[in-house]
>>> print(open('structure_20.pdb').read())   # PDB, C-alpha atoms
ATOM      1  CA  MET Z   1     -69.541 -21.744   2.906
ATOM      2  CA  ILE Z   2     -71.958 -21.659   0.006
ATOM      3  CA  THR Z   3     -72.309 -18.243  -1.582
ATOM      4  CA  PHE Z   4     -75.735 -16.937  -2.551
ATOM      5  CA  ASP Z   5     -74.994 -17.137  -6.285
ATOM      6  CA  LYS Z   6     -73.925 -20.741  -5.945
ATOM      7  CA  GLY Z   7     -77.082 -21.413  -3.949
ATOM      8  CA  ILE Z   8     -79.189 -20.016  -6.782
ATOM      9  CA  LYS Z   9     -77.493 -22.320  -9.270
ATOM     10  CA  ILE Z  10     -78.003 -25.336  -7.017
ATOM     11  CA  SER Z  11     -81.681 -24.449  -6.460
ATOM     12  CA  LEU Z  12     -82.269 -23.988 -10.186
ATOM     13  CA  ARG Z  13     -80.634 -27.289 -11.027
ATOM     14  CA  LYS Z  14     -82.426 -29.214  -8.281
ATOM     15  CA  GLY Z  15     -85.785 -27.816  -9.378
ATOM     16  CA  VAL Z  16     -85.224 -28.900 -12.976
ATOM     17  CA  VAL Z  17     -83.858 -32.328 -11.986
ATOM     18  CA  ASP Z  18     -86.628 -33.101  -9.476
ATOM     19  CA  MET Z  19     -89.200 -32.219 -12.123
ATOM     20  CA  LEU Z  20     -87.437 -34.126 -14.911
ATOM     21  CA  PRO Z  21     -89.273 -37.476 -14.553
ATOM     22  CA  LEU Z  22     -92.588 -35.596 -14.662
ATOM     23  CA  SER Z  23     -91.504 -33.388 -17.575
ATOM     24  CA  LEU Z  24     -90.558 -36.485 -19.574
ATOM     25  CA  ALA Z  25     -93.617 -38.463 -18.490
ATOM     26  CA  VAL Z  26     -96.031 -35.997 -20.088
ATOM     27  CA  LEU Z  27     -94.286 -36.167 -23.484
ATOM     28  CA  PRO Z  28     -96.909 -38.523 -24.983
ATOM     29  CA  TRP Z  29     -99.738 -36.296 -23.785
ATOM     30  CA  GLY Z  30     -98.143 -33.099 -25.097
ATOM     31  CA  ILE Z  31     -97.633 -34.731 -28.478
ATOM     32  CA  LEU Z  32    -101.160 -36.142 -28.409
ATOM     33  CA  PHE Z  33    -102.585 -32.709 -27.674
ATOM     34  CA  GLY Z  34    -100.639 -30.950 -30.452
ATOM     35  CA  SER Z  35    -101.580 -33.691 -32.872
ATOM     36  CA  ILE Z  36    -105.316 -33.647 -32.011
ATOM     37  CA  ALA Z  37    -105.468 -29.856 -32.188
ATOM     38  CA  VAL Z  38    -104.032 -29.732 -35.700
ATOM     39  CA  GLN Z  39    -106.132 -32.673 -36.891
ATOM     40  CA  ARG Z  40    -109.272 -30.994 -35.572
ATOM     41  CA  GLY Z  41    -108.586 -27.910 -37.656
ATOM     42  CA  PHE Z  42    -106.842 -25.535 -35.269
ATOM     43  CA  SER Z  43    -103.988 -23.435 -36.630
ATOM     44  CA  TRP Z  44    -100.455 -24.094 -35.398
ATOM     45  CA  LEU Z  45    -100.513 -20.823 -33.541
ATOM     46  CA  GLU Z  46    -103.831 -21.569 -31.811
ATOM     47  CA  ALA Z  47    -102.643 -25.040 -30.821
ATOM     48  CA  GLN Z  48     -99.444 -23.658 -29.309
ATOM     49  CA  MET Z  49    -101.432 -20.901 -27.563
ATOM     50  CA  PHE Z  50    -103.389 -23.568 -25.672
ATOM     51  CA  SER Z  51    -100.190 -24.866 -24.076
ATOM     52  CA  ALA Z  52     -98.568 -21.443 -23.741
ATOM     53  CA  ILE Z  53    -101.368 -19.695 -21.841
ATOM     54  CA  ILE Z  54    -103.941 -22.306 -20.695
ATOM     55  CA  PHE Z  55    -101.197 -24.743 -19.620
ATOM     56  CA  GLY Z  56    -103.331 -27.594 -18.335
ATOM     57  CA  GLY Z  57    -103.137 -31.057 -19.895
ATOM     58  CA  ALA Z  58    -106.604 -32.439 -19.208
ATOM     59  CA  VAL Z  59    -108.319 -29.083 -19.799
ATOM     60  CA  GLN Z  60    -106.593 -28.693 -23.160
ATOM     61  CA  ILE Z  61    -107.294 -32.175 -24.480
ATOM     62  CA  VAL Z  62    -110.962 -32.071 -23.470
ATOM     63  CA  THR Z  63    -111.749 -28.515 -24.567
ATOM     64  CA  VAL Z  64    -109.990 -28.789 -27.920
ATOM     65  CA  GLU Z  65    -112.376 -31.631 -28.771
ATOM     66  CA  LEU Z  66    -115.399 -29.717 -27.459
ATOM     67  CA  ILE Z  67    -114.548 -26.611 -29.468
ATOM     68  CA  ALA Z  68    -113.980 -28.672 -32.620
ATOM     69  CA  ASP Z  69    -117.386 -30.320 -32.075
ATOM     70  CA  ASN Z  70    -118.969 -26.851 -31.908
ATOM     71  CA  ALA Z  71    -120.022 -27.168 -28.263
ATOM     72  CA  SER Z  72    -121.425 -23.941 -26.818
ATOM     73  CA  LEU Z  73    -119.017 -21.545 -25.168
ATOM     74  CA  VAL Z  74    -120.757 -22.090 -21.824
ATOM     75  CA  THR Z  75    -120.233 -25.856 -22.077
ATOM     76  CA  VAL Z  76    -116.558 -25.413 -22.931
ATOM     77  CA  LEU Z  77    -115.926 -22.998 -20.074
ATOM     78  CA  PHE Z  78    -117.944 -24.975 -17.535
ATOM     79  CA  THR Z  79    -116.116 -28.206 -18.388
ATOM     80  CA  ALA Z  80    -112.779 -26.422 -18.025
ATOM     81  CA  PHE Z  81    -113.902 -25.057 -14.681
ATOM     82  CA  VAL Z  82    -114.878 -28.505 -13.382
ATOM     83  CA  ILE Z  83    -111.535 -30.012 -14.426
ATOM     84  CA  SER Z  84    -109.667 -27.013 -12.954
ATOM     85  CA  SER Z  85    -111.518 -27.064  -9.643
ATOM     86  CA  ARG Z  86    -108.768 -29.136  -8.012
ATOM     87  CA  HIS Z  87    -106.557 -26.056  -8.311
ATOM     88  CA  PHE Z  88    -108.611 -24.442  -5.532
ATOM     89  CA  LEU Z  89    -107.343 -27.181  -3.237
ATOM     90  CA  TYR Z  90    -103.729 -26.464  -4.246
ATOM     91  CA  GLY Z  91    -104.160 -22.719  -3.756
ATOM     92  CA  LEU Z  92    -105.767 -23.203  -0.344
ATOM     93  CA  SER Z  93    -103.019 -25.598   0.758
ATOM     94  CA  LEU Z  94    -100.276 -23.174  -0.281
ATOM     95  CA  ARG Z  95    -102.095 -20.022   0.854
ATOM     96  CA  GLU Z  96    -100.206 -19.749   4.151
ATOM     97  CA  LYS Z  97     -96.870 -20.070   2.386
ATOM     98  CA  LEU Z  98     -97.406 -18.013  -0.745
ATOM     99  CA  SER Z  99     -99.962 -15.301   0.022
ATOM    100  CA  PRO Z 100     -97.451 -13.140   1.983
ATOM    101  CA  LYS Z 101     -94.952 -13.267  -0.928
ATOM    102  CA  PRO Z 102     -94.455 -10.353  -3.349
ATOM    103  CA  PHE Z 103     -96.939 -10.155  -6.222
ATOM    104  CA  ARG Z 104     -94.471 -11.202  -8.925
ATOM    105  CA  TRP Z 105     -93.714 -14.495  -7.137
ATOM    106  CA  ARG Z 106     -97.398 -15.249  -6.579
ATOM    107  CA  LEU Z 107     -98.110 -14.434 -10.214
ATOM    108  CA  GLY Z 108     -95.320 -16.621 -11.578
ATOM    109  CA  LEU Z 109     -95.775 -19.572  -9.247
ATOM    110  CA  GLY Z 110     -99.573 -19.282  -9.461
ATOM    111  CA  PHE Z 111     -99.415 -19.511 -13.242
ATOM    112  CA  LEU Z 112     -97.137 -22.560 -12.983
ATOM    113  CA  LEU Z 113     -99.175 -24.328 -10.270
ATOM    114  CA  THR Z 114     -99.943 -27.605 -12.044
ATOM    115  CA  ASP Z 115    -100.484 -30.997 -10.371
ATOM    116  CA  GLU Z 116     -96.775 -31.554 -10.932
ATOM    117  CA  LEU Z 117     -95.599 -28.376  -9.210
ATOM    118  CA  PHE Z 118     -98.034 -28.951  -6.345
ATOM    119  CA  ALA Z 119     -96.482 -32.416  -5.954
ATOM    120  CA  LEU Z 120     -93.069 -30.809  -5.377
ATOM    121  CA  SER Z 121     -94.499 -28.201  -2.977
ATOM    122  CA  GLY Z 122     -95.130 -30.521  -0.033
ATOM    123  CA  HIS Z 123     -92.007 -29.734   1.973
ATOM    124  CA  ARG Z 124     -92.703 -28.195   5.362
ATOM    125  CA  ARG Z 125     -90.593 -25.191   4.430
ATOM    126  CA  ALA Z 126     -91.552 -25.041   0.747
ATOM    127  CA  TYR Z 127     -91.276 -21.498  -0.692
ATOM    128  CA  GLN Z 128     -89.697 -20.181   2.526
ATOM    129  CA  GLY Z 129     -86.764 -18.003   1.540
ATOM    130  CA  LYS Z 130     -85.494 -16.942  -1.838
ATOM    131  CA  LEU Z 131     -83.739 -20.196  -2.710
ATOM    132  CA  ARG Z 132     -86.858 -22.290  -2.160
ATOM    133  CA  LEU Z 133     -88.849 -19.848  -4.294
ATOM    134  CA  ILE Z 134     -86.244 -20.191  -7.039
ATOM    135  CA  TYR Z 135     -86.439 -23.985  -6.701
ATOM    136  CA  GLY Z 136     -90.212 -23.809  -7.312
ATOM    137  CA  LEU Z 137     -89.760 -21.475 -10.258
ATOM    138  CA  ALA Z 138     -87.163 -23.787 -11.828
ATOM    139  CA  ALA Z 139     -89.359 -26.842 -11.294
ATOM    140  CA  GLY Z 140     -92.522 -25.199 -12.614
ATOM    141  CA  GLY Z 141     -90.739 -23.296 -15.382
ATOM    142  CA  SER Z 142     -88.919 -26.349 -16.715
ATOM    143  CA  PHE Z 143     -92.188 -28.270 -16.760
ATOM    144  CA  TYR Z 144     -93.787 -25.397 -18.696
ATOM    145  CA  LEU Z 145     -91.016 -25.421 -21.301
ATOM    146  CA  ALA Z 146     -91.204 -29.208 -21.646
ATOM    147  CA  TRP Z 147     -94.997 -29.196 -22.069
ATOM    148  CA  ASN Z 148     -94.742 -26.507 -24.745
ATOM    149  CA  LEU Z 149     -91.933 -28.343 -26.530
ATOM    150  CA  TRP Z 150     -93.895 -31.618 -26.587
ATOM    151  CA  THR Z 151     -96.929 -29.717 -27.867
ATOM    152  CA  PHE Z 152     -94.808 -28.192 -30.638
ATOM    153  CA  ILE Z 153     -93.517 -31.631 -31.646
ATOM    154  CA  GLY Z 154     -97.112 -32.880 -31.716
ATOM    155  CA  ILE Z 155     -98.185 -29.961 -33.896
ATOM    156  CA  VAL Z 156     -95.352 -30.435 -36.370
ATOM    157  CA  ALA Z 157     -95.017 -34.207 -36.443
ATOM    158  CA  GLY Z 158     -98.040 -35.619 -34.594
ATOM    159  CA  ALA Z 159     -99.614 -37.193 -37.653
ATOM    160  CA  SER Z 160     -96.469 -39.161 -38.476
ATOM    161  CA  LEU Z 161     -95.822 -40.384 -34.911
ATOM    162  CA  PRO Z 162     -97.393 -43.472 -33.324
ATOM    163  CA  ASP Z 163     -99.589 -43.128 -30.235
ATOM    164  CA  LEU Z 164     -97.093 -43.014 -27.371
ATOM    165  CA  THR Z 165     -99.631 -42.828 -24.565
ATOM    166  CA  ASP Z 166     -99.652 -46.603 -23.975
ATOM    167  CA  LEU Z 167     -95.859 -46.776 -23.809
ATOM    168  CA  GLY Z 168     -95.916 -46.683 -20.008
ATOM    169  CA  LEU Z 169     -94.210 -43.316 -19.549
ATOM    170  CA  ASP Z 170     -96.945 -42.433 -17.074
ATOM    171  CA  PHE Z 171     -95.296 -44.863 -14.672
ATOM    172  CA  ALA Z 172     -92.668 -42.159 -14.040
ATOM    173  CA  ILE Z 173     -95.431 -39.953 -12.610
ATOM    174  CA  ALA Z 174     -96.558 -42.774 -10.319
ATOM    175  CA  ALA Z 175     -92.979 -43.503  -9.197
ATOM    176  CA  THR Z 176     -92.281 -39.842  -8.444
ATOM    177  CA  PHE Z 177     -95.486 -39.453  -6.460
ATOM    178  CA  ILE Z 178     -94.706 -42.655  -4.527
ATOM    179  CA  ALA Z 179     -91.288 -41.169  -3.734
ATOM    180  CA  LEU Z 180     -92.998 -38.046  -2.379
ATOM    181  CA  VAL Z 181     -95.827 -39.746  -0.441
ATOM    182  CA  VAL Z 182     -94.241 -42.787   1.235
ATOM    183  CA  PRO Z 183     -91.737 -40.855   3.404
ATOM    184  CA  GLU Z 184     -94.612 -38.593   4.529
ATOM    185  CA  ILE Z 185     -96.514 -41.505   6.089
ATOM    186  CA  LYS Z 186     -95.311 -40.984   9.637
ATOM    187  CA  THR Z 187     -98.614 -40.963  11.493
ATOM    188  CA  LEU Z 188    -101.720 -43.123  11.561
ATOM    189  CA  ALA Z 189    -103.709 -40.114  10.327
ATOM    190  CA  THR Z 190    -101.608 -39.759   7.168
ATOM    191  CA  LEU Z 191    -101.826 -43.510   6.594
ATOM    192  CA  ALA Z 192    -105.629 -43.291   6.865
ATOM    193  CA  ALA Z 193    -105.643 -40.441   4.335
ATOM    194  CA  VAL Z 194    -103.490 -42.378   1.878
ATOM    195  CA  ILE Z 195    -105.557 -45.581   2.129
ATOM    196  CA  THR Z 196    -108.798 -43.630   1.732
ATOM    197  CA  ALA Z 197    -107.444 -41.796  -1.311
ATOM    198  CA  ALA Z 198    -106.240 -45.088  -2.794
ATOM    199  CA  ILE Z 199    -109.617 -46.794  -2.508
ATOM    200  CA  PHE Z 200    -111.864 -43.926  -3.583
ATOM    201  CA  SER Z 201    -109.657 -42.761  -6.451
ATOM    202  CA  LEU Z 202    -109.940 -46.255  -7.952
ATOM    203  CA  VAL Z 203    -113.706 -46.422  -7.425
ATOM    204  CA  PHE Z 204    -114.328 -42.947  -8.855
ATOM    205  CA  SER Z 205    -111.952 -43.569 -11.746
ATOM    206  CA  LEU Z 206    -113.835 -46.748 -12.679
ATOM    207  CA  TRP Z 207    -117.096 -44.791 -12.473
ATOM    208  CA  GLU Z 208    -115.423 -42.237 -14.766
ATOM    209  CA  LEU Z 209    -116.470 -39.435 -12.471
ATOM    210  CA  GLU Z 210    -115.191 -36.080 -13.759
ATOM    211  CA  LEU Z 211    -114.613 -34.780 -10.233
ATOM    212  CA  GLY Z 212    -113.309 -38.115  -8.948
ATOM    213  CA  LEU Z 213    -109.868 -36.785  -8.080
ATOM    214  CA  VAL Z 214    -111.254 -33.900  -6.034
ATOM    215  CA  PHE Z 215    -113.831 -36.062  -4.224
ATOM    216  CA  ALA Z 216    -111.288 -38.798  -3.422
ATOM    217  CA  ALA Z 217    -108.829 -36.205  -2.100
ATOM    218  CA  LEU Z 218    -111.472 -34.490   0.054
ATOM    219  CA  LEU Z 219    -112.610 -37.833   1.531
ATOM    220  CA  ALA Z 220    -108.978 -38.740   2.224
ATOM    221  CA  MET Z 221    -108.317 -35.408   3.929
ATOM    222  CA  ALA Z 222    -111.453 -35.901   6.023
ATOM    223  CA  ALA Z 223    -110.181 -39.353   7.011
ATOM    224  CA  GLY Z 224    -106.792 -37.975   8.042
ATOM    225  CA  PHE Z 225    -108.408 -35.132   9.958
ATOM    226  CA  THR Z 226    -110.820 -37.469  11.770
ATOM    227  CA  VAL Z 227    -108.125 -39.939  12.825
ATOM    228  CA  GLN Z 228    -105.976 -37.059  14.067
ATOM    229  CA  GLN Z 229    -108.893 -35.660  16.112
ATOM    230  CA  LEU Z 230    -109.759 -39.058  17.608
ATOM    231  CA  ARG Z 231    -106.195 -39.655  18.730
ATOM    232  CA  ARG Z 232    -105.716 -36.242  20.252
ATOM    233  CA  PRO Z 233    -105.701 -36.373  24.060
ATOM    234  CA  VAL Z 234    -108.826 -34.706  25.393
TER
ATOM    235  CA  MET L 235    -113.343 -16.345 -31.984
ATOM    236  CA  THR L 236    -111.163 -19.344 -31.196
ATOM    237  CA  VAL L 237    -108.507 -17.041 -29.784
ATOM    238  CA  LEU L 238    -111.106 -15.447 -27.507
ATOM    239  CA  THR L 239    -112.144 -18.889 -26.242
ATOM    240  CA  ILE L 240    -108.512 -19.771 -25.578
ATOM    241  CA  LEU L 241    -108.080 -16.535 -23.614
ATOM    242  CA  LEU L 242    -111.188 -17.261 -21.535
ATOM    243  CA  LEU L 243    -109.931 -20.794 -20.834
ATOM    244  CA  ALA L 244    -106.599 -19.333 -19.744
ATOM    245  CA  CYS L 245    -108.491 -17.078 -17.317
ATOM    246  CA  ILE L 246    -110.136 -20.189 -15.830
ATOM    247  CA  THR L 247    -106.962 -22.226 -15.338
ATOM    248  CA  PHE L 248    -105.029 -19.230 -14.025
ATOM    249  CA  GLY L 249    -107.923 -17.928 -11.917
ATOM    250  CA  THR L 250    -108.470 -21.264 -10.166
ATOM    251  CA  ARG L 251    -104.716 -21.550  -9.511
ATOM    252  CA  TYR L 252    -104.160 -18.011  -8.340
ATOM    253  CA  LEU L 253    -107.330 -17.187  -6.378
ATOM    254  CA  PHE L 254    -106.305 -18.424  -2.922
ATOM    255  CA  LEU L 255    -102.716 -17.225  -3.288
ATOM    256  CA  GLU L 256    -104.051 -13.656  -3.163
ATOM    257  CA  GLY L 257    -103.570 -12.293   0.333
ATOM    258  CA  ARG L 258    -106.229  -9.610  -0.071
ATOM    259  CA  LEU L 259    -108.885 -12.287  -0.572
ATOM    260  CA  PRO L 260    -110.833 -12.159   2.714
ATOM    261  CA  VAL L 261    -110.398 -15.802   3.628
ATOM    262  CA  ARG L 262    -108.944 -16.776   6.977
ATOM    263  CA  LEU L 263    -108.073 -20.408   7.501
ATOM    264  CA  GLY L 264    -108.926 -21.646  10.981
ATOM    265  CA  SER L 265    -106.821 -24.282  12.733
ATOM    266  CA  ASN L 266    -109.249 -27.083  11.816
ATOM    267  CA  ILE L 267    -109.173 -26.139   8.131
ATOM    268  CA  LYS L 268    -105.386 -25.957   8.273
ATOM    269  CA  LEU L 269    -105.199 -29.438   9.783
ATOM    270  CA  PHE L 270    -107.631 -30.711   7.123
ATOM    271  CA  LEU L 271    -105.524 -29.100   4.364
ATOM    272  CA  SER L 272    -102.312 -30.545   5.781
ATOM    273  CA  TYR L 273    -103.358 -33.910   4.320
ATOM    274  CA  SER L 274    -103.897 -32.497   0.827
ATOM    275  CA  GLY L 275    -100.442 -33.493  -0.484
ATOM    276  CA  PRO L 276    -100.562 -37.225   0.261
ATOM    277  CA  ALA L 277    -104.311 -37.290  -0.542
ATOM    278  CA  VAL L 278    -104.039 -35.688  -3.985
ATOM    279  CA  LEU L 279    -100.864 -37.499  -5.025
ATOM    280  CA  THR L 280    -102.244 -40.897  -3.991
ATOM    281  CA  ALA L 281    -105.501 -40.152  -5.813
ATOM    282  CA  ILE L 282    -103.597 -39.359  -9.015
ATOM    283  CA  THR L 283    -101.252 -42.343  -8.667
ATOM    284  CA  MET L 284    -103.656 -45.221  -8.034
ATOM    285  CA  PRO L 285    -105.617 -44.964 -11.312
ATOM    286  CA  ILE L 286    -102.312 -44.745 -13.240
ATOM    287  CA  LEU L 287    -101.278 -48.025 -11.616
ATOM    288  CA  PHE L 288    -104.492 -50.001 -11.652
ATOM    289  CA  VAL L 289    -107.005 -48.599 -14.157
ATOM    290  CA  HIS L 290    -106.132 -49.405 -17.750
ATOM    291  CA  LYS L 291    -108.570 -49.036 -20.641
ATOM    292  CA  HIS L 292    -111.333 -48.200 -18.124
ATOM    293  CA  GLN L 293    -110.854 -51.575 -16.376
ATOM    294  CA  LEU L 294    -109.441 -52.468 -12.966
ATOM    295  CA  ASP L 295    -106.132 -54.268 -13.571
ATOM    296  CA  THR L 296    -104.782 -55.986 -10.460
ATOM    297  CA  ALA L 297    -103.403 -59.045 -12.290
ATOM    298  CA  VAL L 298     -99.865 -60.196 -11.472
ATOM    299  CA  SER L 299     -99.035 -59.543 -15.132
ATOM    300  CA  ASN L 300     -99.570 -55.794 -14.577
ATOM    301  CA  PRO L 301     -96.047 -54.282 -14.670
ATOM    302  CA  TYR L 302     -97.308 -51.138 -12.895
ATOM    303  CA  LEU L 303     -97.978 -53.315  -9.818
ATOM    304  CA  TRP L 304     -94.379 -54.567  -9.608
ATOM    305  CA  GLY L 305     -92.863 -51.219 -10.448
ATOM    306  CA  ALA L 306     -94.959 -49.582  -7.722
ATOM    307  CA  LEU L 307     -94.008 -52.233  -5.136
ATOM    308  CA  ALA L 308     -90.316 -51.683  -5.935
ATOM    309  CA  ALA L 309     -90.785 -47.911  -5.701
ATOM    310  CA  ILE L 310     -92.599 -48.198  -2.362
ATOM    311  CA  ALA L 311     -89.825 -50.406  -0.971
ATOM    312  CA  ALA L 312     -87.141 -47.999  -2.225
ATOM    313  CA  ALA L 313     -88.987 -44.956  -0.882
ATOM    314  CA  TYR L 314     -89.415 -46.650   2.500
ATOM    315  CA  LYS L 315     -85.746 -47.676   2.706
ATOM    316  CA  THR L 316     -84.039 -44.627   1.216
ATOM    317  CA  ALA L 317     -86.618 -41.778   1.324
ATOM    318  CA  ASN L 318     -84.710 -40.582  -1.750
ATOM    319  CA  ILE L 319     -86.603 -39.428  -4.838
ATOM    320  CA  TYR L 320     -83.882 -40.439  -7.314
ATOM    321  CA  TRP L 321     -83.394 -43.976  -5.985
ATOM    322  CA  THR L 322     -87.141 -44.478  -5.803
ATOM    323  CA  VAL L 323     -87.873 -43.301  -9.338
ATOM    324  CA  GLY L 324     -84.823 -45.090 -10.762
ATOM    325  CA  LEU L 325     -85.506 -48.464  -9.148
ATOM    326  CA  GLY L 326     -89.247 -48.216  -9.822
ATOM    327  CA  ILE L 327     -88.751 -47.527 -13.517
ATOM    328  CA  LEU L 328     -86.131 -50.286 -13.794
ATOM    329  CA  VAL L 329     -88.441 -52.919 -12.310
ATOM    330  CA  PHE L 330     -91.370 -51.568 -14.339
ATOM    331  CA  ALA L 331     -89.333 -51.792 -17.552
ATOM    332  CA  VAL L 332     -88.178 -55.346 -16.820
ATOM    333  CA  PHE L 333     -91.712 -56.568 -16.123
ATOM    334  CA  SER L 334     -93.091 -54.657 -19.145
ATOM    335  CA  SER L 335     -90.646 -56.357 -21.474
ATOM    336  CA  GLN L 336     -91.271 -59.782 -19.942
ATOM    337  CA  ALA L 337     -95.044 -60.011 -20.205
ATOM    338  CA  SER L 338     -94.538 -63.584 -21.413
ATOM    339  CA  TRP L 339     -93.473 -64.634 -17.885
ATOM    340  CA  PHE L 340     -97.103 -64.685 -16.908
ATOM    341  CA  VAL L 341     -98.577 -66.471 -19.907
TER
END
>>> encode(input="structure_20.pdb", output="structure tokens")
Amino acid sequence: MITFDKGIKISLRKGVVDMLPLSLAVLPWGILFGSIAVQRGFSWLEAQMFSAIIFGGAVQIVTVELIADNASLVTVLFTAFVISSRHFLYGLSLREKLSPKPFRWRLGLGFLLTDELFALSGHRRAYQGKLRLIYGLAAGGSFYLAWNLWTFIGIVAGASLPDLTDLGLDFAIAATFIALVVPEIKTLATLAAVITAAIFSLVFSLWELELGLVFAALLAMAAGFTVQQLRRPV
Amino acid sequence: MTVLTILLLACITFGTRYLFLEGRLPVRLGSNIKLFLSYSGPAVLTAITMPILFVHKHQLDTAVSNPYLWGALAAIAAAYKTANIYWTVGLGILVFAVFSSQASWFV
């Protein structure tokens, strides 16, 4: 018999541990961001504020450069919006599960809803029941702390550190996502979605399309949907 | 001024994340949309993963000397066999690290 308190501890630990490869994998990018921000003339406080309240890797790295280059406010905000548009997909996908939850859970988990937390939200019963909510909070919260710590290290020591982004730490992201996707491929429809995403994400990435991720995902979802419809007995 | 910009950017990242989690938003998802959205996990994760594996310095890298290729194959095999996140990540990183350190094998 597992008591509720023990369950909370287990959920907290599992959330942190499941997120750990992703938390570590973004270390080079957190340091890079902190380092760029300081080099481009932002104060320590401003640089840390980016990670503390914006909390989005690609948005931060792109907009910090735009602001430093004196781009117009509209350009900065529009660019951030384009990069952030994939979040709509995450919110829509989790709407059924999270919209009935109390406001404080939606607020907390919504704030923490990065690519990484979305990746760990795929379970059929994700966020159902208190322990699964706590799991999500631990996963998202630990990632938040890690990202802010890496940013801080970048701010303080970025100039004296080598560029770590070609060290291969991003492989941990790939390995974790493989671990999450492969066991989900149980139907032809899911397989079609995965293959479609694989092909188009490479094409769009080589074209350096800003919305490539969103477009590839939408095409893949359409492929999965279509295969499912075709195979359904009429 | 910079602080104001940062606050506005925070509104954008939070707003895009939170919007559809709000129950009072008058959006009802029909069964077709729900089916469509049910593929979002594998679709998004695959779309993030593939460029990490095969696009390096803006170039397609499918050479046998690409350690990401071997690490990914090991991870796929482990995920298929064990369906366990820890085994998959552990074995994948191990194989990736071995092939990364032995680039000379392919010269």
>>> atom_distance(input="structure_20.pdb", atom1="atom CA of L:Val261", atom2="atom CA of Z:Ala220")
23.0 Å
>>> residues_near_point(input="structure_20.pdb", point="(-103.2, -39.3, -9.7)", cutoff="10 Å", atoms="all atoms listed in the file", output="mmCIF file with C-alpha atoms, in the frame of the given file")
data_model
loop_
_atom_site.group_PDB
_atom_site.id
_atom_site.type_symbol
_atom_site.label_atom_id
_atom_site.label_comp_id
_atom_site.auth_asym_id
_atom_site.auth_seq_id
_atom_site.Cartn_x
_atom_site.Cartn_y
_atom_site.Cartn_z
ATOM 1 C CA ASP Z 115 -100.484 -30.997 -10.371
ATOM 2 C CA ILE Z 173 -95.431 -39.953 -12.610
ATOM 3 C CA ALA Z 174 -96.558 -42.774 -10.319
ATOM 4 C CA PHE Z 177 -95.486 -39.453 -6.460
ATOM 5 C CA ALA Z 197 -107.444 -41.796 -1.311
ATOM 6 C CA ALA Z 198 -106.240 -45.088 -2.794
ATOM 7 C CA SER Z 201 -109.657 -42.761 -6.451
ATOM 8 C CA LEU Z 202 -109.940 -46.255 -7.952
ATOM 9 C CA SER Z 205 -111.952 -43.569 -11.746
ATOM 10 C CA LEU Z 213 -109.868 -36.785 -8.080
ATOM 11 C CA ALA Z 217 -108.829 -36.205 -2.100
ATOM 12 C CA ALA L 277 -104.311 -37.290 -0.542
ATOM 13 C CA VAL L 278 -104.039 -35.688 -3.985
ATOM 14 C CA LEU L 279 -100.864 -37.499 -5.025
ATOM 15 C CA THR L 280 -102.244 -40.897 -3.991
ATOM 16 C CA ALA L 281 -105.501 -40.152 -5.813
ATOM 17 C CA ILE L 282 -103.597 -39.359 -9.015
ATOM 18 C CA THR L 283 -101.252 -42.343 -8.667
ATOM 19 C CA MET L 284 -103.656 -45.221 -8.034
ATOM 20 C CA PRO L 285 -105.617 -44.964 -11.312
ATOM 21 C CA ILE L 286 -102.312 -44.745 -13.240
ATOM 22 C CA LEU L 287 -101.278 -48.025 -11.616
#
>>> resolve_selection(input="structure_20.pdb", expression="the PyMOL selection byres ((chain L) within 8 of (chain Z))", output="PyMOL selection string")
chain L and resi 236-237+239-248+250-257+268-289+292-294+302+305-306+309-310+313-314+317-319+322-323+326-327+330
>>> resolve_selection(input="structure_20.pdb", expression="the PyMOL selection byres ((chain Z and resi 147) around 9)", output="count of residues only")
21
>>> atom_distance(input="structure_20.pdb", atom1="atom CA of L:Lys291", atom2="atom CA of Z:Ala159")
22.6 Å
